[in-house]
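Asks: To start, I am sharing the structure in question, which I have written as structure tokens.
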Amino acid sequence: MIIDVHNHFVQRNFISEDWWTGWVKRRIARDAPTLPPPDLEKLKKEFVTPVHDATGERVVSGLEAAGIDMGVLLPLDFGMLIRDPETSIVEQNRRNAELARKYPHRLIAFVGLDPNRGQSALDLFETGVKEWGMRGLKLHPCAGFYVNDKCVYPFYELAQDLNVTVLTHLGTEFPPIRAKYGQPVFLDDVGCDFPRLRIIGAHVGSPWDTEAIKIASIHDNIYLDIAGRHFMLFANAGDFYRNLRMLLDILPYKLVFGTDYEFGPRERLKEYVDAVREAPRRGREHGVNFTEEEIDLLLSGNAKRALGMD
Ligand SMILES: [Zn+2]
């Protein structure tokens with residue numbers, strides 16, 4: 001069984017235009033830096049259109065085609081930092097919940113919100129879980145808060161009361177959203193103050209991997225997802241397997257599988273999934289050994305614990 005804890009059902013009007021511009025610029029800077037500056041409007045059409053998923057059915061079919069049994073939908077809320085998008089955050093959460101209810105064996109939806117919205121966000125979280133069947137909370141601190149800010153604490157308390165998991169982005173982002181808030185060390189306070197809360201930190205905290213690994217290794221309740229590692233795989237498979245070996249040596253029971261689909265590998269999703277699933281055989285080609293048991297834990301066993309499913 002394969003559980004992917006990090007997915008997004010995205011429509012263009014779920015996030016304001018400034019964010020899409022930043023997203024396209026980062027993609028250019030990463031994949032093909034160019035001078036003179038590229039025609040952003042043209043590239044936005046080219047890059048953003050394929051991500052726009054009018055009904056959410058594409059997330060479902062994409063996961064299925066890649067052999068992923070279950071995915072976790074994580075709505076994104078950057079409205080307080082940039083400006084509220086055309087589709088309100090309440091409506092986005094409602095649509096994510098609706099999609100998950102339509103495919104209960106394939107999807108789990110988390111509530112995604114910015115705690116800076118205060119009581120209305122707390123109400124949304126409660127409604128999402130109690131009435132819409134959502135099963136966790138997604139935080140994106142780069143929208144403008146630290147995960148250990150006191151304004152977030154009522155959300156952790158509620159998550160603990162509702163017995164649901166919190167997944168938070170860790171690591172840098174791109175303008176206009178702020179990298180500094182993604183530093184993993186701030187999660188240490190949350191681990192100390194909410195030892196019963198199940199927490200997943202995303203992206204192994206990249207580029208603060210060492211810090212994230214340390215924080216996860218000292219807290220029983222903090223897990224890390226590997227969403228975003230496909231870049232390493234596609235650049236150099238040997239590096240990917242060596243890195244995965246190091247992560248599993250330190251966090252054999254804490255590392256969970258994630259893809260960031262539909263922002264992540266997209267058309268190469270299956271290639272990424274297969275590379276992980278077949279790590280015991282393919283790792284050997286690069287001089288790296290994995291057991292079936294540890295890959296099973298990475299692909300589902302650890303996620304079941306992190307999501308409170310077992
Ligand atoms: Zn993501």
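As shown in the structure tokens, the chain order sets the letters A, B, ...; within each chain, residues go from 1, and ligands are also counted from 1 in the order they appear.
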Fewer than 4 positions away in the same chain doesn't count, so skip those; otherwise give me all residues within 7 Å of segment 192-203 of chain A, counting only C-alpha atoms, as a list in words.
Replies: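 Contacts, in chain order: Gln160, Thr165, Val166, Leu167, Thr168, His169, Leu170, Gly171, Asp188, Asn221, Ile222, Tyr223, Leu224, Asp225, Ile226, Ala227, Gly228 and Ala306 of chain A.
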Asks: Based on the selection just made, write C-alpha atoms of those residues as an mmCIF file, in the first residue's frame.
Replies:
data_model
loop_
_atom_site.group_PDB
_atom_site.id
_atom_site.type_symbol
_atom_site.label_atom_id
_atom_site.label_comp_id
_atom_site.auth_asym_id
_atom_site.auth_seq_id
_atom_site.Cartn_x
_atom_site.Cartn_y
_atom_site.Cartn_z
ATOM 1 C CA GLN A 160 -5.398 17.455 19.911
ATOM 2 C CA THR A 165 -2.850 15.384 12.665
ATOM 3 C CA VAL A 166 -1.156 18.708 11.886
ATOM 4 C CA LEU A 167 1.019 18.928 8.769
ATOM 5 C CA THR A 168 3.152 22.022 8.469
ATOM 6 C CA HIS A 169 5.291 23.224 5.599
ATOM 7 C CA LEU A 170 8.979 23.389 6.511
ATOM 8 C CA GLY A 171 11.712 24.962 4.429
ATOM 9 C CA ASP A 188 10.672 22.274 18.655
ATOM 10 C CA ASN A 221 5.415 12.878 17.775
ATOM 11 C CA ILE A 222 7.175 14.691 14.892
ATOM 12 C CA TYR A 223 7.368 13.024 11.469
ATOM 13 C CA LEU A 224 8.917 14.329 8.231
ATOM 14 C CA ASP A 225 7.593 13.946 4.684
ATOM 15 C CA ILE A 226 9.896 13.647 1.669
ATOM 16 C CA ALA A 227 7.753 15.709 -0.743
ATOM 17 C CA GLY A 228 10.038 17.520 -3.182
ATOM 18 C CA ALA A 306 1.303 9.766 11.640
#
Asks: Can you list every residue of segment 117-230 of chain A that has an atom at most 10 Å from segment 239-249 of chain A, with its nearest atom pair and the distance in Å to one decimal, using only C-alpha atoms, ordered by chain then number, as JSON lines?
Replies:
{"residue": "A:Val204", "atom": "CA", "partner": "A:Leu247", "partner_atom": "CA", "distance": 9.1}
{"residue": "A:Asp209", "atom": "CA", "partner": "A:Leu247", "partner_atom": "CA", "distance": 9.6}
{"residue": "A:Thr210", "atom": "CA", "partner": "A:Leu247", "partner_atom": "CA", "distance": 9.9}
{"residue": "A:Ile213", "atom": "CA", "partner": "A:Leu247", "partner_atom": "CA", "distance": 7.8}
{"residue": "A:Leu224", "atom": "CA", "partner": "A:Leu247", "partner_atom": "CA", "distance": 9.7}
{"residue": "A:Ile226", "atom": "CA", "partner": "A:Leu244", "partner_atom": "CA", "distance": 9.0}
{"residue": "A:Arg229", "atom": "CA", "partner": "A:Phe240", "partner_atom": "CA", "distance": 7.4}
{"residue": "A:His230", "atom": "CA", "partner": "A:Phe240", "partner_atom": "CA", "distance": 8.1}
Asks: If you count only C-alpha atoms and all ligand atoms, which residues end up within 7 Å of ligand 1, as a list in words?
Replies: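 Based on only C-alpha atoms and all ligand atoms, ligand 1 is surrounded within 7 Å by His6, Asn7, His8, Asp260 and Phe263 of chain A.
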Asks: Let's have the selection written as an mmCIF file, in the first residue's frame, with N, CA and C atoms.
Replies:
data_model
loop_
_atom_site.group_PDB
_atom_site.id
_atom_site.type_symbol
_atom_site.label_atom_id
_atom_site.label_comp_id
_atom_site.auth_asym_id
_atom_site.auth_seq_id
_atom_site.Cartn_x
_atom_site.Cartn_y
_atom_site.Cartn_z
ATOM 1 N N HIS A 6 1.095 14.225 0.950
ATOM 2 C CA HIS A 6 1.259 15.627 0.538
ATOM 3 C C HIS A 6 0.769 15.859 -0.896
ATOM 4 N N ASN A 7 -0.505 16.231 -1.026
ATOM 5 C CA ASN A 7 -1.104 16.504 -2.341
ATOM 6 C C ASN A 7 -1.878 17.815 -2.316
ATOM 7 N N HIS A 8 -2.081 18.372 -3.498
ATOM 8 C CA HIS A 8 -2.854 19.616 -3.613
ATOM 9 C C HIS A 8 -3.861 19.520 -4.751
ATOM 10 N N ASP A 260 3.883 16.065 -3.284
ATOM 11 C CA ASP A 260 3.521 17.437 -3.636
ATOM 12 C C ASP A 260 2.722 17.518 -4.937
ATOM 13 N N PHE A 263 1.672 19.971 -7.647
ATOM 14 C CA PHE A 263 2.783 20.892 -7.878
ATOM 15 C C PHE A 263 4.079 20.131 -8.138
#
Asks: Measuring between only C-alpha atoms, which one of A:Val276, A:Arg117, A:Thr55, A:Arg12 shows the shortest distance to Ser300 of chain A?
Replies: A:Val276
Asks: Which residue out of A:Ala121, A:Cys142, A:Ala65, A:Ala54 has the minimum interatomic distance to Leu99 of chain A when only C-alpha atoms are used?
Replies: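 Checking each of A:Ala121, A:Cys142, A:Ala65, A:Ala54 against Leu99 of chain A, counting only C-alpha atoms, the winner is A:Ala54.
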